[in-house]
$ cat entry-v5.cif   # mmCIF, C-alpha atoms
data_upload
loop_
_atom_site.label_atom_id
_atom_site.label_comp_id
_atom_site.auth_asym_id
_atom_site.auth_seq_id
_atom_site.Cartn_x
_atom_site.Cartn_y
_atom_site.Cartn_z
CA MET R 250 102.28 130.75 61.81
CA ALA R 251 100.03 129.48 64.56
CA GLN R 252 99.39 131.95 67.36
CA LYS R 253 101.71 131.36 70.33
CA GLY R 254 99.88 129.43 73.04
CA SER R 255 97.18 128.08 70.68
CA VAL R 256 96.61 124.34 70.26
CA GLU R 257 97.87 124.69 66.69
CA ASP R 258 101.10 126.18 68.07
CA PHE R 259 101.39 123.31 70.57
CA LEU R 260 100.96 120.81 67.72
CA ALA R 261 103.56 122.52 65.51
CA MET R 262 106.12 122.51 68.34
CA ALA R 263 105.39 118.85 69.16
CA VAL R 264 105.86 117.89 65.49
CA ASP R 265 109.17 119.77 65.40
CA ALA R 266 110.35 118.01 68.57
CA ALA R 267 109.21 114.59 67.30
CA LYS R 268 111.01 115.06 63.96
CA LYS R 269 114.24 116.12 65.68
CA ALA R 270 114.08 113.15 68.08
CA GLY R 271 113.27 110.97 65.08
CA GLU R 272 116.60 111.93 63.51
CA ILE R 273 118.41 110.64 66.62
CA ILE R 274 116.43 107.38 66.47
CA ARG R 275 117.05 106.96 62.74
CA SER R 276 120.79 107.48 63.09
CA GLY R 277 120.98 105.07 66.06
CA PHE R 278 118.74 102.43 64.45
CA TYR R 279 121.48 101.07 62.20
CA GLU R 280 124.29 101.23 64.77
CA THR R 281 125.33 99.01 67.68
CA LYS R 282 123.14 99.84 70.68
CA ASN R 283 124.24 100.30 74.28
CA VAL R 284 121.41 98.55 76.14
CA GLU R 285 120.47 98.66 79.83
CA HIS R 286 117.82 96.54 81.56
CA LYS R 287 114.95 98.12 83.52
CA GLY R 288 113.63 94.61 84.16
CA VAL R 289 114.21 91.06 82.91
CA VAL R 290 113.03 91.97 79.38
CA ASP R 291 112.33 95.72 79.75
CA LEU R 292 115.08 97.65 77.96
CA VAL R 293 116.35 101.22 77.79
CA THR R 294 119.06 102.66 75.52
CA GLU R 295 121.11 105.83 75.35
CA THR R 296 118.84 106.84 72.46
CA ASP R 297 115.73 106.81 74.71
CA LYS R 298 117.46 109.15 77.14
CA ALA R 299 118.91 111.47 74.46
CA CYS R 300 115.50 111.80 72.76
CA GLU R 301 113.66 112.62 75.98
CA GLU R 302 116.24 115.26 76.88
CA LEU R 303 115.98 116.85 73.42
CA ILE R 304 112.15 116.89 73.45
CA PHE R 305 111.88 118.30 76.98
CA ASN R 306 114.51 120.97 76.33
CA LEU R 307 112.72 122.14 73.17
CA LEU R 308 109.27 122.23 74.77
CA LYS R 309 110.45 123.76 78.07
CA GLN R 310 112.07 126.64 76.17
CA GLN R 311 108.75 127.41 74.51
CA TYR R 312 106.41 126.61 77.41
CA PRO R 313 108.24 127.09 80.72
CA ASP R 314 104.95 127.09 82.69
CA HIS R 315 103.80 123.69 81.40
CA LYS R 316 104.26 120.42 83.31
CA PHE R 317 106.22 117.45 81.91
CA ILE R 318 105.94 113.69 82.39
CA GLY R 319 108.39 111.43 80.55
CA GLU R 320 109.07 107.70 80.63
CA GLU R 321 112.78 107.95 81.36
CA THR R 322 112.50 110.85 83.85
CA THR R 323 109.80 108.90 85.71
CA ALA R 324 112.04 105.81 85.76
CA ALA R 325 114.88 107.88 87.24
CA CYS R 326 113.01 110.29 89.52
CA GLY R 327 109.69 108.62 90.38
CA ALA R 328 106.14 109.30 89.24
CA THR R 329 104.75 112.79 88.63
CA GLU R 330 101.08 113.30 89.45
CA LEU R 331 98.89 114.32 86.51
CA THR R 332 97.13 117.64 87.24
CA ASP R 333 94.77 119.98 85.32
CA GLU R 334 97.77 122.07 84.18
CA PRO R 335 98.87 121.74 80.54
CA THR R 336 101.10 118.64 80.72
CA TRP R 337 103.37 117.18 78.05
CA ILE R 338 103.45 113.38 78.34
CA VAL R 339 106.29 111.87 76.34
CA ASP R 340 107.55 108.44 75.35
CA PRO R 341 110.80 109.34 73.59
CA LEU R 342 111.14 105.90 72.00
CA ASP R 343 108.15 103.58 72.13
CA GLY R 344 109.22 100.14 70.96
CA THR R 345 112.70 100.08 72.52
CA THR R 346 112.93 96.28 72.14
CA ASN R 347 112.09 96.69 68.44
CA PHE R 348 114.77 99.39 68.20
CA VAL R 349 117.37 97.09 69.78
CA HIS R 350 116.48 94.27 67.37
CA GLY R 351 116.28 96.48 64.26
CA PHE R 352 112.52 95.85 63.87
CA PRO R 353 111.09 99.04 62.32
CA PHE R 354 108.05 99.55 64.60
CA VAL R 355 109.48 102.34 66.74
CA CYS R 356 108.18 105.84 67.35
CA VAL R 357 108.30 109.08 69.28
CA SER R 358 105.04 109.75 71.17
CA ILE R 359 104.25 113.27 72.40
CA GLY R 360 100.89 114.00 74.00
CA LEU R 361 99.57 117.16 75.65
CA THR R 362 96.80 117.01 78.23
CA ILE R 363 94.84 120.09 79.30
CA GLY R 364 92.51 119.57 82.27
CA ARG R 365 93.73 115.94 82.22
CA ILE R 366 92.13 115.45 78.79
CA PRO R 367 94.39 114.33 75.88
CA THR R 368 94.25 117.39 73.60
CA VAL R 369 97.22 117.20 71.21
CA GLY R 370 98.85 114.02 69.94
CA VAL R 371 101.92 113.47 67.77
CA ILE R 372 103.34 110.02 66.97
CA TYR R 373 106.24 109.77 64.54
CA ASN R 374 107.84 106.58 63.21
CA PRO R 375 111.18 107.81 61.81
CA ILE R 376 112.11 104.48 60.21
CA MET R 377 108.92 104.25 58.12
CA ASP R 378 108.69 108.08 58.04
CA GLU R 379 105.03 108.22 59.09
CA LEU R 380 103.67 111.13 61.13
CA PHE R 381 100.33 110.79 62.93
CA THR R 382 98.82 113.97 64.41
CA ALA R 383 95.60 115.11 66.06
CA ILE R 384 94.10 118.04 67.94
CA ARG R 385 90.98 117.44 70.03
CA GLY R 386 87.92 118.43 68.00
CA LYS R 387 89.89 118.95 64.77
CA GLY R 388 90.42 115.48 63.27
CA ALA R 389 93.32 113.06 62.95
CA PHE R 390 95.91 112.92 60.17
CA LEU R 391 98.65 110.72 58.71
CA ASP R 392 101.26 112.82 56.92
CA GLY R 393 98.71 115.65 56.68
CA LYS R 394 95.92 113.55 55.16
CA PRO R 395 92.74 112.83 57.20
CA ILE R 396 92.41 109.31 58.61
CA LYS R 397 89.48 107.37 60.00
CA THR R 398 88.93 104.05 61.70
CA SER R 399 87.82 100.94 59.81
CA SER R 400 84.23 100.09 58.92
CA LYS R 401 84.36 96.44 60.07
CA THR R 402 81.11 95.43 61.79
CA GLU R 403 81.96 91.94 63.09
CA LEU R 404 84.74 90.59 65.28
CA VAL R 405 85.33 87.68 62.90
CA GLN R 406 86.37 90.19 60.20
CA SER R 407 88.57 92.15 62.59
CA LEU R 408 92.33 92.28 63.07
CA LEU R 409 93.27 92.51 66.76
CA ALA R 410 96.50 93.88 68.22
CA THR R 411 97.77 93.37 71.75
CA GLU R 412 101.10 93.06 73.56
CA ALA R 413 102.67 90.46 75.84
CA GLY R 414 104.01 93.16 78.19
CA THR R 415 107.25 92.96 80.17
CA LYS R 416 106.19 90.84 83.17
CA ARG R 417 107.28 87.22 83.07
CA ASP R 418 105.69 85.74 86.20
CA LYS R 419 103.50 82.68 85.62
CA THR R 420 100.24 84.26 86.83
CA THR R 421 100.52 87.24 84.46
CA LEU R 422 101.60 85.11 81.50
CA ASP R 423 98.84 82.54 82.04
CA ALA R 424 96.21 85.29 82.22
CA SER R 425 97.66 86.94 79.11
CA THR R 426 97.84 83.78 76.99
CA ASN R 427 94.44 82.54 78.16
CA ARG R 428 92.91 85.87 77.12
CA ILE R 429 94.57 85.68 73.70
CA ASN R 430 93.45 82.06 73.30
CA SER R 431 89.84 83.03 74.03
CA LEU R 432 89.91 86.01 71.65
CA LEU R 433 91.52 84.05 68.79
CA PHE R 434 88.31 82.04 68.47
CA LYS R 435 86.40 85.27 67.75
CA VAL R 436 88.64 87.50 65.59
CA ARG R 437 90.28 87.07 62.18
CA SER R 438 93.85 87.20 63.48
CA ILE R 439 96.12 88.80 66.05
CA ARG R 440 99.24 90.98 65.86
CA MET R 441 101.90 92.05 68.38
CA SER R 442 103.89 94.92 66.87
CA GLY R 443 105.76 95.86 70.04
CA SER R 444 104.58 99.48 70.20
CA CYS R 445 101.46 100.52 72.10
CA ALA R 446 101.48 103.97 70.46
CA LEU R 447 101.72 102.54 66.93
CA ASN R 448 98.98 100.01 67.69
CA LEU R 449 96.70 102.95 68.54
CA CYS R 450 97.73 104.64 65.27
CA GLY R 451 96.90 101.38 63.48
CA VAL R 452 93.34 101.51 64.85
CA ALA R 453 93.09 105.22 63.98
CA CYS R 454 93.94 104.70 60.29
CA GLY R 455 92.05 101.41 59.85
CA ARG R 456 95.01 99.03 59.56
CA LEU R 457 93.86 97.43 62.79
CA ASP R 458 90.29 97.11 64.03
CA LEU R 459 90.81 96.23 67.70
CA PHE R 460 93.51 96.82 70.30
CA TYR R 461 93.85 96.20 74.01
CA GLU R 462 96.74 96.21 76.44
CA LEU R 463 96.89 95.70 80.20
CA GLY R 464 99.81 96.73 82.41
CA PHE R 465 101.79 98.87 79.97
CA GLY R 466 104.41 101.31 81.24
CA GLY R 467 102.43 104.46 81.91
CA PRO R 468 100.48 107.39 80.44
CA TRP R 469 103.31 108.17 77.99
CA ASP R 470 102.35 105.03 76.02
CA VAL R 471 98.80 106.24 75.36
CA ALA R 472 98.47 110.03 75.84
CA ALA R 473 99.10 110.89 72.17
CA GLY R 474 97.47 107.76 70.72
CA ALA R 475 94.21 108.26 72.64
CA VAL R 476 93.48 111.62 71.01
CA ILE R 477 94.55 110.33 67.58
CA VAL R 478 92.12 107.37 67.78
CA THR R 479 89.27 109.51 69.12
CA GLU R 480 89.75 112.15 66.42
CA ALA R 481 89.78 109.42 63.75
CA GLY R 482 86.26 108.49 64.89
CA GLY R 483 87.35 105.57 67.06
CA ALA R 484 86.50 104.58 70.61
CA VAL R 485 89.04 104.51 73.44
CA PHE R 486 87.90 102.82 76.64
CA ASP R 487 88.88 100.63 79.56
CA PRO R 488 88.92 96.91 78.60
CA SER R 489 86.12 96.40 81.16
CA GLY R 490 83.93 98.78 79.13
CA LYS R 491 84.25 101.64 81.62
CA ASN R 492 85.61 105.05 80.66
CA PHE R 493 89.28 105.26 79.74
CA ASP R 494 91.57 106.47 82.54
CA LEU R 495 94.90 107.85 81.30
CA THR R 496 96.68 106.81 84.51
CA SER R 497 95.30 103.25 84.85
CA GLN R 498 97.76 101.31 82.60
CA ARG R 499 94.75 99.71 80.87
CA ILE R 500 93.44 100.57 77.41
CA ALA R 501 91.24 99.27 74.63
CA ALA R 502 90.47 100.89 71.29
CA SER R 503 88.34 99.99 68.28
CA ASN R 504 86.13 101.40 65.61
CA PRO R 505 82.73 102.28 67.14
CA LEU R 506 80.86 99.58 65.17
CA VAL R 507 82.56 96.65 66.94
CA LYS R 508 83.08 98.29 70.36
CA ASP R 509 80.22 96.54 72.19
CA ALA R 510 81.06 93.11 70.78
CA PHE R 511 84.74 93.67 71.62
CA ILE R 512 83.94 94.60 75.24
CA GLU R 513 81.78 91.47 75.56
CA ALA R 514 84.58 89.31 74.11
CA LEU R 515 87.10 90.86 76.51
CA LYS R 516 84.80 90.16 79.49
CA GLN R 517 84.39 86.53 78.38
CA SER R 518 88.16 86.19 78.06
CA GLU R 519 88.80 87.05 81.75
#

$ encode --input "entry-v5.cif" --output "structure tokens"
Amino acid sequence: MAQKGSVEDFLAMAVDAAKKAGEIIRSGFYETKNVEHKGVVDLVTETDKACEELIFNLLKQQYPDHKFIGEETTAACGATELTDEPTWIVDPLDGTTNFVHGFPFVCVSIGLTIGRIPTVGVIYNPIMDELFTAIRGKGAFLDGKPIKTSSKTELVQSLLATEAGTKRDKTTLDASTNRINSLLFKVRSIRMSGSCALNLCGVACGRLDLFYELGFGGPWDVAAGAVIVTEAGGAVFDPSGKNFDLTSQRIAASNPLVKDAFIEALKQSE
């Protein structure tokens, strides 16, 4: 057993919470969903809410002094400021649109920041039964086996993931499609899986080589994935090339060999 209050203990509890929430997602995946709209195309289900409640209840019992930031709580109660305190940042169901459509790219994402630095990350896809984990400084794993980013050295060999986001105004969509158009000339191909957290896992285990997203929901989309990519030997950064900011709603990730070329391509796509 990991010592109570150690990072290994935090990871074990996060895995337990993710697996239990995963059971709720798995059972709801094949049933009729009760869907609400947060925006024109931004969805939330009863499963999102039930999973967040379960995860927070489990973790609060163990760590009553820790802070908590969750997607659904934030939607209901407003934003919580990220502080230096140990803070659990949770997306109870990343890929809600996929969940509603029965598309199996859905996951639970549980990240822990300490001193505002992503320190523990757990991402679990209960439909494909894949568990990604990482502790800062101790490597990244898929189902307990070490993972590392790809060894691609050129953009033209690289598979890029991004997302269309949930905004549907003309300015945002034009900027988004123009950027994709520019990048498609430079990479092998492009994917939109519908889950920011699983895209980061894809980079971490070498299925994807490049990922960027602008204007995603909040830190819950990236808190766990950022530490998983970093511990797999990857780079996580702002699409402008600056340092990654967990609260900025902007992220890019790649293997380190194509990072500079990717940043240059992103700048040219603006």

$ resolve_selection --input "entry-v5.cif" --expression "the PyMOL selection byres ((chain R and resi 429) around 12)" --output "PyMOL selection string"
chain R and resi 409-413+422-428+430-436+438-441+460-462+514-515+517-519

$ closest_residue --input "entry-v5.cif" --among "R:Lys287, R:His315, R:Lys394, R:Lys282" --to "R:Gly466" --atoms "only C-alpha atoms"
R:Lys287

$ residues_around --input "entry-v5.cif" --residues "R:Ile359" --least-positions-apart "4" --cutoff "12 Å" --atoms "only C-alpha atoms" --output "ChimeraX atom specification"
/R:259-268,270-271,300-301,304-305,308,317-320,336-343,367-374,380-383,446,468-477

$ closest_residue --input "entry-v5.cif" --among "R:Ala484, R:Cys356, R:Val349, R:Ala299" --to "R:Asn283" --atoms "only C-alpha atoms"
R:Val349

$ closest_residue --input "entry-v5.cif" --among "R:Leu447, R:Leu361, R:Leu495, R:Val289" --to "R:Pro375" --atoms "all atoms listed in the file"
R:Leu447

$ decode --input "entry-v5.cif" --residues "stretch 271-287 of chain R" --atoms "all heavy atoms" --output "mmCIF file, in the first residue's frame"
data_model
loop_
_atom_site.group_PDB
_atom_site.id
_atom_site.type_symbol
_atom_site.label_atom_id
_atom_site.label_comp_id
_atom_site.auth_asym_id
_atom_site.auth_seq_id
_atom_site.Cartn_x
_atom_site.Cartn_y
_atom_site.Cartn_z
ATOM 1 N N GLY R 271 -15.953 5.118 -14.480
ATOM 2 C CA GLY R 271 -15.973 4.406 -15.763
ATOM 3 C C GLY R 271 -17.096 3.389 -15.846
ATOM 4 O O GLY R 271 -17.689 3.184 -16.913
ATOM 5 N N GLU R 272 -17.416 2.760 -14.717
ATOM 6 C CA GLU R 272 -18.527 1.797 -14.691
ATOM 7 C C GLU R 272 -19.853 2.501 -14.987
ATOM 8 O O GLU R 272 -20.704 1.961 -15.708
ATOM 9 C CB GLU R 272 -18.597 1.113 -13.320
ATOM 10 C CG GLU R 272 -17.477 0.123 -13.079
ATOM 11 C CD GLU R 272 -17.447 -0.385 -11.637
ATOM 12 O OE1 GLU R 272 -18.483 -0.279 -10.949
ATOM 13 O OE2 GLU R 272 -16.386 -0.873 -11.216
ATOM 14 N N ILE R 273 -20.019 3.708 -14.444
ATOM 15 C CA ILE R 273 -21.239 4.489 -14.717
ATOM 16 C C ILE R 273 -21.313 4.836 -16.204
ATOM 17 O O ILE R 273 -22.365 4.722 -16.837
ATOM 18 C CB ILE R 273 -21.265 5.787 -13.865
ATOM 19 C CG1 ILE R 273 -21.328 5.457 -12.379
ATOM 20 C CG2 ILE R 273 -22.444 6.672 -14.266
ATOM 21 C CD1 ILE R 273 -21.251 6.682 -11.479
ATOM 22 N N ILE R 274 -20.177 5.258 -16.768
ATOM 23 C CA ILE R 274 -20.142 5.624 -18.193
ATOM 24 C C ILE R 274 -20.444 4.402 -19.058
ATOM 25 O O ILE R 274 -21.233 4.465 -19.999
ATOM 26 C CB ILE R 274 -18.767 6.223 -18.567
ATOM 27 C CG1 ILE R 274 -18.583 7.581 -17.881
ATOM 28 C CG2 ILE R 274 -18.632 6.370 -20.087
ATOM 29 C CD1 ILE R 274 -17.187 8.158 -18.006
ATOM 30 N N ARG R 275 -19.824 3.278 -18.711
ATOM 31 C CA ARG R 275 -20.008 2.064 -19.510
ATOM 32 C C ARG R 275 -21.468 1.616 -19.503
ATOM 33 O O ARG R 275 -22.026 1.251 -20.535
ATOM 34 C CB ARG R 275 -19.100 0.945 -18.985
ATOM 35 C CG ARG R 275 -18.847 -0.160 -20.002
ATOM 36 C CD ARG R 275 -17.975 -1.275 -19.456
ATOM 37 N NE ARG R 275 -16.675 -0.811 -19.043
ATOM 38 C CZ ARG R 275 -16.227 -0.820 -17.784
ATOM 39 N NH1 ARG R 275 -16.979 -1.268 -16.809
ATOM 40 N NH2 ARG R 275 -15.033 -0.381 -17.504
ATOM 41 N N SER R 276 -22.085 1.679 -18.325
ATOM 42 C CA SER R 276 -23.480 1.230 -18.254
ATOM 43 C C SER R 276 -24.400 2.202 -18.994
ATOM 44 O O SER R 276 -25.388 1.791 -19.599
ATOM 45 C CB SER R 276 -23.914 1.065 -16.801
ATOM 46 O OG SER R 276 -23.882 2.308 -16.133
ATOM 47 N N GLY R 277 -24.079 3.504 -18.975
ATOM 48 C CA GLY R 277 -24.915 4.493 -19.660
ATOM 49 C C GLY R 277 -24.674 4.570 -21.154
ATOM 50 O O GLY R 277 -25.523 5.060 -21.908
ATOM 51 N N PHE R 278 -23.515 4.050 -21.602
ATOM 52 C CA PHE R 278 -23.100 4.195 -23.004
ATOM 53 C C PHE R 278 -24.076 3.528 -23.960
ATOM 54 O O PHE R 278 -24.308 4.027 -25.060
ATOM 55 C CB PHE R 278 -21.693 3.595 -23.175
ATOM 56 C CG PHE R 278 -21.071 3.869 -24.516
ATOM 57 C CD1 PHE R 278 -20.556 5.115 -24.826
ATOM 58 C CD2 PHE R 278 -20.979 2.865 -25.469
ATOM 59 C CE1 PHE R 278 -19.969 5.360 -26.062
ATOM 60 C CE2 PHE R 278 -20.396 3.102 -26.708
ATOM 61 C CZ PHE R 278 -19.883 4.360 -27.002
ATOM 62 N N TYR R 279 -24.651 2.416 -23.535
ATOM 63 C CA TYR R 279 -25.518 1.635 -24.415
ATOM 64 C C TYR R 279 -27.002 1.884 -24.169
ATOM 65 O O TYR R 279 -27.850 1.196 -24.707
ATOM 66 C CB TYR R 279 -25.184 0.142 -24.275
ATOM 67 C CG TYR R 279 -23.740 -0.151 -24.612
ATOM 68 C CD1 TYR R 279 -22.790 -0.330 -23.609
ATOM 69 C CD2 TYR R 279 -23.318 -0.191 -25.940
ATOM 70 C CE1 TYR R 279 -21.455 -0.565 -23.923
ATOM 71 C CE2 TYR R 279 -21.984 -0.429 -26.262
ATOM 72 C CZ TYR R 279 -21.065 -0.617 -25.255
ATOM 73 O OH TYR R 279 -19.748 -0.842 -25.572
ATOM 74 N N GLU R 280 -27.302 2.893 -23.340
ATOM 75 C CA GLU R 280 -28.700 3.212 -23.040
ATOM 76 C C GLU R 280 -29.097 4.529 -23.684
ATOM 77 O O GLU R 280 -28.261 5.271 -24.199
ATOM 78 C CB GLU R 280 -28.878 3.310 -21.511
ATOM 79 C CG GLU R 280 -28.627 1.991 -20.796
ATOM 80 C CD GLU R 280 -28.609 2.159 -19.288
ATOM 81 O OE1 GLU R 280 -28.751 3.315 -18.815
ATOM 82 O OE2 GLU R 280 -28.434 1.150 -18.589
ATOM 83 N N THR R 281 -30.388 4.843 -23.649
ATOM 84 C CA THR R 281 -30.873 6.137 -24.137
ATOM 85 C C THR R 281 -30.395 7.226 -23.186
ATOM 86 O O THR R 281 -30.519 7.092 -21.969
ATOM 87 C CB THR R 281 -32.413 6.143 -24.206
ATOM 88 O OG1 THR R 281 -32.824 5.019 -24.984
ATOM 89 C CG2 THR R 281 -32.926 7.428 -24.830
ATOM 90 N N LYS R 282 -29.820 8.297 -23.746
ATOM 91 C CA LYS R 282 -29.267 9.366 -22.915
ATOM 92 C C LYS R 282 -30.246 10.523 -22.742
ATOM 93 O O LYS R 282 -30.976 10.860 -23.667
ATOM 94 C CB LYS R 282 -27.978 9.924 -23.544
ATOM 95 C CG LYS R 282 -26.770 9.010 -23.420
ATOM 96 C CD LYS R 282 -26.669 8.079 -24.589
ATOM 97 C CE LYS R 282 -25.396 7.260 -24.549
ATOM 98 N NZ LYS R 282 -25.335 6.316 -25.670
ATOM 99 N N ASN R 283 -30.227 11.106 -21.559
ATOM 100 C CA ASN R 283 -30.993 12.320 -21.280
ATOM 101 C C ASN R 283 -30.036 13.501 -21.439
ATOM 102 O O ASN R 283 -29.168 13.714 -20.610
ATOM 103 C CB ASN R 283 -31.555 12.251 -19.852
ATOM 104 C CG ASN R 283 -32.519 13.391 -19.585
ATOM 105 O OD1 ASN R 283 -32.636 14.308 -20.394
ATOM 106 N ND2 ASN R 283 -33.183 13.351 -18.441
ATOM 107 N N VAL R 284 -30.171 14.245 -22.530
ATOM 108 C CA VAL R 284 -29.165 15.244 -22.920
ATOM 109 C C VAL R 284 -29.673 16.656 -22.677
ATOM 110 O O VAL R 284 -30.811 16.989 -23.003
ATOM 111 C CB VAL R 284 -28.815 15.080 -24.426
ATOM 112 C CG1 VAL R 284 -27.723 16.053 -24.842
ATOM 113 C CG2 VAL R 284 -28.396 13.649 -24.721
ATOM 114 N N GLU R 285 -28.796 17.489 -22.086
ATOM 115 C CA GLU R 285 -29.070 18.923 -21.958
ATOM 116 C C GLU R 285 -28.045 19.675 -22.788
ATOM 117 O O GLU R 285 -26.958 19.177 -23.066
ATOM 118 C CB GLU R 285 -28.928 19.364 -20.488
ATOM 119 C CG GLU R 285 -29.904 18.714 -19.528
ATOM 120 C CD GLU R 285 -29.540 19.022 -18.081
ATOM 121 O OE1 GLU R 285 -28.966 20.101 -17.833
ATOM 122 O OE2 GLU R 285 -29.812 18.179 -17.223
ATOM 123 N N HIS R 286 -28.394 20.905 -23.170
ATOM 124 C CA HIS R 286 -27.485 21.746 -23.954
ATOM 125 C C HIS R 286 -26.874 22.824 -23.073
ATOM 126 O O HIS R 286 -27.583 23.571 -22.420
ATOM 127 C CB HIS R 286 -28.230 22.410 -25.119
ATOM 128 C CG HIS R 286 -28.484 21.482 -26.263
ATOM 129 N ND1 HIS R 286 -27.744 21.501 -27.414
ATOM 130 C CD2 HIS R 286 -29.377 20.472 -26.420
ATOM 131 C CE1 HIS R 286 -28.184 20.562 -28.239
ATOM 132 N NE2 HIS R 286 -29.181 19.921 -27.649
ATOM 133 N N LYS R 287 -25.511 22.900 -23.084
ATOM 134 C CA LYS R 287 -24.826 24.028 -22.438
ATOM 135 C C LYS R 287 -24.667 25.166 -23.435
ATOM 136 O O LYS R 287 -24.476 26.308 -23.065
ATOM 137 C CB LYS R 287 -23.443 23.592 -21.932
ATOM 138 C CG LYS R 287 -23.494 22.706 -20.711
ATOM 139 C CD LYS R 287 -22.149 22.642 -20.013
ATOM 140 C CE LYS R 287 -21.261 21.580 -20.606
ATOM 141 N NZ LYS R 287 -20.061 21.316 -19.786
#
